[in-house]
Structure formats: C-alpha cells, structure tokens
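Heads up: the structure comes next, in structure tokens.
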Amino acid sequence: PMRRLVGSAVAILAAGAALTGCSAPPAESGEDLKARAEFLVLEEQWAEAISVLKEYLIRHPEDSGAHFYLGRCWLNVAEFNGREGPWLVLAEGELRLARQLFYAQGKRSTIKRFPDTYFDIICNIERAKVYLRQLTFVIDHPGQLAGATRESILASLQQAVDDAKAIDPAAPDVVNLENLLKSLTDDGPAPQPRAGAGTAI
C-alpha cells in the first residue's frame, strides 16, 4: 500500500510537470553515483563522498563495495576530525556489513578495481585501523571511550588480523598488520596510525 501510494504520488508529480512544460533534470544513475563516490574517495574528499554514498545506498543497499567505501570515509573523518565521536562506530559497522554482504553474495567484489580476495582482505585491514584508532584514543584519554579498554580493543584487533591471515597470510598488508600487533602485545609504543596508510586505494 505504501509503495503504491508513493508510486501514485510520483506519477501525479510527473504528469503535473508535463502539463506545465517543466521538467526536472534527469536523475543521476546508480552507476554514475557510484563512480562519483569512488572518485571522491580517491580524492580524499570524505564528507562529499559520504553524502553521495548515502544517496547511492538508498537505491542499492546491498552493494558491499559501497558499504566498504562508506566505512573508509567514516574512518578518515574520525582521523582528521581530531576528536572522538560516533565515526569509528559507524566505520566499524559499515566495514563489517561490507564483508557480510560480500560473503552472502558469493564472495564477489563489487569494486571493479579490487579482485575478490583483495576485497576480503582489505575489509579486515580497514577494520583493524578502526581498532588502532580506538587504541590510540584509549591510551591518550583513559576511561573516556565507553566500555573500551586496551585489552578489549587488542582482542578485536587480533580478530581482524586472524580474519585477514585466514585469507592470505603472506599478503604484505597482512604481514605488516601482524607485525604491528606483535609490537603492541609486546608492550611496544602506542600506535600512531594514519587511516589511509598501507592501503592500496
């Protein structure tokens, strides 16, 4: 019923525009929106990319690649905003959803530049960066990240590393991530990750 009502309203608006000689500009296609979002991500225009990705995902909510890009945008917003906020939670959620959809859809990457296996790995790498960012915040601001401790974040980071290793333990990004985790669990220095570092995007 709601879909029929919305469809009727659209038809009435379209008829009214035709009668008055007015016409709306053609809507941007889904492929065009996705291409524009990808361009914005590559240009590191995170806020603009978020807006376009949200518009695209309204039409294509099951596109794992778009969710990956959105997660990466939220991660970089957190990195460059310079203060704690909901961005890391949003980033983690989008990256988890991207991987869930990827598996549900037969492990097929919807980002043309990324082979299937690499997409699987990079979802875990980016999720690990979320935990590294959280860890930096917890170390710098003890007790200010609700429910999070150094140990709990390291456990999440370990899981992301294990997930990546299960795909390809010899991949350079995976090896680097594992070495970083070892340095942290050996009481090494606090991490100072850059959200985009080590990612071929």
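Chain lettering (A, B, ...) mirrors the order of the structure tokens, residue numbering begins at 1 for each chain separately, and ligand numbering begins at 1 in order of display.
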_If DSSP is run on the backbone, what residues of region 69-128 of chain A are alpha helix (DSSP H)? A reply as number ranges by chain would be ideal._
A: 69-81, 87-104, 116-128
*For region 95-100 of chain A, work out the shell of residues within 10 Å, counting only C-alpha atoms and skipping chain neighbours fewer than 6 positions away, then give it as a PyMOL selection string.*
chain A and resi 62-72+74-75+107+109+119-127+130
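Picture a line from CA of Leu88 (chain A) to CA of Phe114 (chain A); it runs 23.7 Å.
When CA of Ala47 (chain A) is paired with CA of Ala91 (chain A), their separation reads 13.3 Å.
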Counting only C-alpha atoms, what is within 10 Å of Glu44 (chain A), bar same-chain residues fewer than 4 positions away, as a PDB file with N, CA, C and O atoms, in the first residue's frame?
```pdb
ATOM      1  N   GLU A  38      33.320   6.977  -5.796  1.00  0.00           N
ATOM      2  CA  GLU A  38      34.659   6.397  -5.832  1.00  0.00           C
ATOM      3  C   GLU A  38      35.704   7.476  -6.129  1.00  0.00           C
ATOM      4  O   GLU A  38      36.768   7.511  -5.503  1.00  0.00           O
ATOM      5  N   PHE A  39      35.389   8.371  -7.058  1.00  0.00           N
ATOM      6  CA  PHE A  39      36.300   9.468  -7.372  1.00  0.00           C
ATOM      7  C   PHE A  39      36.555  10.331  -6.132  1.00  0.00           C
ATOM      8  O   PHE A  39      37.693  10.694  -5.829  1.00  0.00           O
ATOM      9  N   LEU A  40      35.494  10.632  -5.400  1.00  0.00           N
ATOM     10  CA  LEU A  40      35.630  11.460  -4.202  1.00  0.00           C
ATOM     11  C   LEU A  40      36.460  10.764  -3.129  1.00  0.00           C
ATOM     12  O   LEU A  40      37.254  11.396  -2.427  1.00  0.00           O
ATOM     13  N   GLU A  48      32.065  14.807   1.238  1.00  0.00           N
ATOM     14  CA  GLU A  48      31.304  14.787  -0.009  1.00  0.00           C
ATOM     15  C   GLU A  48      31.016  13.345  -0.435  1.00  0.00           C
ATOM     16  O   GLU A  48      29.916  13.033  -0.885  1.00  0.00           O
ATOM     17  N   ALA A  49      31.998  12.477  -0.260  1.00  0.00           N
ATOM     18  CA  ALA A  49      31.804  11.067  -0.614  1.00  0.00           C
ATOM     19  C   ALA A  49      30.728  10.420   0.242  1.00  0.00           C
ATOM     20  O   ALA A  49      29.919   9.635  -0.263  1.00  0.00           O
ATOM     21  N   CYS A  73      35.319   6.104   4.591  1.00  0.00           N
ATOM     22  CA  CYS A  73      35.084   7.549   4.762  1.00  0.00           C
ATOM     23  C   CYS A  73      34.911   7.901   6.230  1.00  0.00           C
ATOM     24  O   CYS A  73      35.503   8.863   6.721  1.00  0.00           O
ATOM     25  N   ASN A  76      38.182   7.895   8.067  1.00  0.00           N
ATOM     26  CA  ASN A  76      39.022   9.063   7.784  1.00  0.00           C
ATOM     27  C   ASN A  76      38.440  10.341   8.364  1.00  0.00           C
ATOM     28  O   ASN A  76      39.193  11.232   8.764  1.00  0.00           O
ATOM     29  N   VAL A  77      37.130  10.429   8.458  1.00  0.00           N
ATOM     30  CA  VAL A  77      36.515  11.568   9.147  1.00  0.00           C
ATOM     31  C   VAL A  77      36.957  11.558  10.607  1.00  0.00           C
ATOM     32  O   VAL A  77      37.317  12.592  11.165  1.00  0.00           O
ATOM     33  N   GLY A 196      44.732   6.133   6.125  1.00  0.00           N
ATOM     34  CA  GLY A 196      44.949   5.681   4.763  1.00  0.00           C
ATOM     35  C   GLY A 196      46.240   4.933   4.559  1.00  0.00           C
ATOM     36  O   GLY A 196      46.493   4.441   3.470  1.00  0.00           O
TER      37      GLY A 196
END
```
*Excluding Glu31 (chain A) and residues on its chain fewer than 6 positions from it, collect all residues at most 12 Å away from it, counting only C-alpha atoms, and give them as number ranges by chain.*
A: 37-38, 52-53, 55-57, 59-60, 63, 66, 110-112
Keeping C-alpha atoms, export the residues of the selection given above as a JSON list (two decimals), in the first residue's frame.
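File written: result-v4.json
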```json
[["chain", "number", "residue", "atom", "x", "y", "z"],
["A", 37, "ALA", "CA", 31.59, 8.44, -4.92],
["A", 38, "GLU", "CA", 34.66, 6.40, -5.83],
["A", 52, "VAL", "CA", 26.97, 10.58, -2.40],
["A", 53, "LEU", "CA", 27.38, 7.09, -0.94],
["A", 55, "GLU", "CA", 22.29, 8.57, -1.78],
["A", 56, "TYR", "CA", 23.59, 5.57, -3.73],
["A", 57, "LEU", "CA", 22.93, 3.11, -0.89],
["A", 59, "ARG", "CA", 18.89, 2.67, -4.09],
["A", 60, "HIS", "CA", 21.44, -0.15, -3.74],
["A", 63, "ASP", "CA", 26.32, -3.18, -2.54],
["A", 66, "ALA", "CA", 29.69, 0.99, -1.40],
["A", 110, "THR", "CA", 31.51, -5.02, -6.42],
["A", 111, "ILE", "CA", 34.52, -2.70, -6.73],
["A", 112, "LYS", "CA", 35.91, -3.35, -10.20]]
```
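Among the candidate residues A:Pro86, A:Asp173, A:Glu94, A:Ser152, the one lying nearest to Tyr118 (chain A) is A:Asp173, with distances computed using only C-alpha atoms.
Put simply, CA of Val175 (chain A) is 9.1 Å away from CA of Val161 (chain A).
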*Counting only C-alpha atoms, what is within 9 Å of Ala128 (chain A), bar same-chain residues fewer than 4 positions away, as a ChimeraX atom specification?*
/A:123-124,132-133,156-161,177
Take the residues from that selection and write them out as a compact mmCIF listing (two decimals), in the first residue's frame, keeping all heavy atoms.
```
# COMPACT_ATOMS: atom_id res chain seq x y z
N CYS A 123 38.84 -5.36 3.71
CA CYS A 123 37.78 -5.10 4.70
C CYS A 123 38.32 -5.32 6.11
O CYS A 123 38.03 -4.55 7.03
CB CYS A 123 36.58 -6.01 4.45
SG CYS A 123 35.52 -5.50 3.08
N ASN A 124 39.13 -6.37 6.28
CA ASN A 124 39.73 -6.64 7.59
C ASN A 124 40.82 -5.64 7.95
O ASN A 124 40.94 -5.23 9.10
CB ASN A 124 40.29 -8.07 7.61
CG ASN A 124 39.19 -9.11 7.56
OD1 ASN A 124 38.28 -9.11 8.39
ND2 ASN A 124 39.25 -9.97 6.57
N LEU A 132 42.91 0.33 15.81
CA LEU A 132 44.14 1.07 16.09
C LEU A 132 43.83 2.51 16.50
O LEU A 132 44.44 3.06 17.41
CB LEU A 132 45.06 1.04 14.87
CG LEU A 132 45.75 -0.30 14.59
CD1 LEU A 132 46.40 -0.28 13.22
CD2 LEU A 132 46.77 -0.62 15.67
N ARG A 133 42.87 3.09 15.82
CA ARG A 133 42.46 4.47 16.16
C ARG A 133 41.84 4.51 17.56
O ARG A 133 42.11 5.41 18.35
CB ARG A 133 41.47 4.97 15.10
CG ARG A 133 40.97 6.38 15.31
CD ARG A 133 42.04 7.41 15.00
NE ARG A 133 41.51 8.76 15.10
CZ ARG A 133 41.43 9.44 16.23
NH1 ARG A 133 41.84 8.91 17.36
NH2 ARG A 133 40.94 10.66 16.24
N SER A 156 39.89 -7.26 19.72
CA SER A 156 39.22 -7.00 18.44
C SER A 156 40.23 -6.89 17.31
O SER A 156 40.00 -7.39 16.20
CB SER A 156 38.40 -5.71 18.53
OG SER A 156 37.36 -5.82 19.48
N LEU A 157 41.34 -6.23 17.59
CA LEU A 157 42.40 -6.11 16.60
C LEU A 157 42.96 -7.48 16.24
O LEU A 157 43.19 -7.79 15.06
CB LEU A 157 43.51 -5.20 17.14
CG LEU A 157 44.72 -4.96 16.25
CD1 LEU A 157 44.32 -4.41 14.89
CD2 LEU A 157 45.70 -4.00 16.94
N GLN A 158 43.15 -8.33 17.23
CA GLN A 158 43.64 -9.70 16.98
C GLN A 158 42.67 -10.45 16.08
O GLN A 158 43.09 -11.17 15.16
CB GLN A 158 43.80 -10.45 18.31
CG GLN A 158 44.28 -11.90 18.15
CD GLN A 158 45.72 -11.98 17.70
OE1 GLN A 158 46.62 -11.58 18.42
NE2 GLN A 158 45.94 -12.50 16.50
N GLN A 159 41.37 -10.28 16.30
CA GLN A 159 40.38 -10.96 15.47
C GLN A 159 40.46 -10.47 14.02
O GLN A 159 40.38 -11.28 13.08
CB GLN A 159 38.97 -10.73 16.02
CG GLN A 159 37.89 -11.51 15.29
CD GLN A 159 38.12 -13.00 15.37
OE1 GLN A 159 38.16 -13.56 16.47
NE2 GLN A 159 38.27 -13.68 14.22
N ALA A 160 40.63 -9.17 13.83
CA ALA A 160 40.75 -8.64 12.47
C ALA A 160 42.00 -9.19 11.78
O ALA A 160 41.96 -9.54 10.59
CB ALA A 160 40.79 -7.11 12.50
N VAL A 161 43.09 -9.30 12.52
CA VAL A 161 44.32 -9.87 11.98
C VAL A 161 44.11 -11.34 11.62
O VAL A 161 44.50 -11.79 10.53
CB VAL A 161 45.49 -9.72 12.98
CG1 VAL A 161 46.72 -10.49 12.50
CG2 VAL A 161 45.84 -8.25 13.17
N LEU A 177 50.39 -5.79 9.29
CA LEU A 177 49.41 -5.70 10.38
C LEU A 177 49.78 -6.66 11.51
O LEU A 177 49.72 -6.31 12.69
CB LEU A 177 48.02 -6.00 9.83
CG LEU A 177 46.85 -5.84 10.80
CD1 LEU A 177 46.76 -4.41 11.32
CD2 LEU A 177 45.55 -6.24 10.10
```
*Counting only C-alpha atoms, which of A:Arg36, A:Gly30, A:Pro61, A:Asp163 gets nearest to Leu101 (chain A)?*
A:Pro61
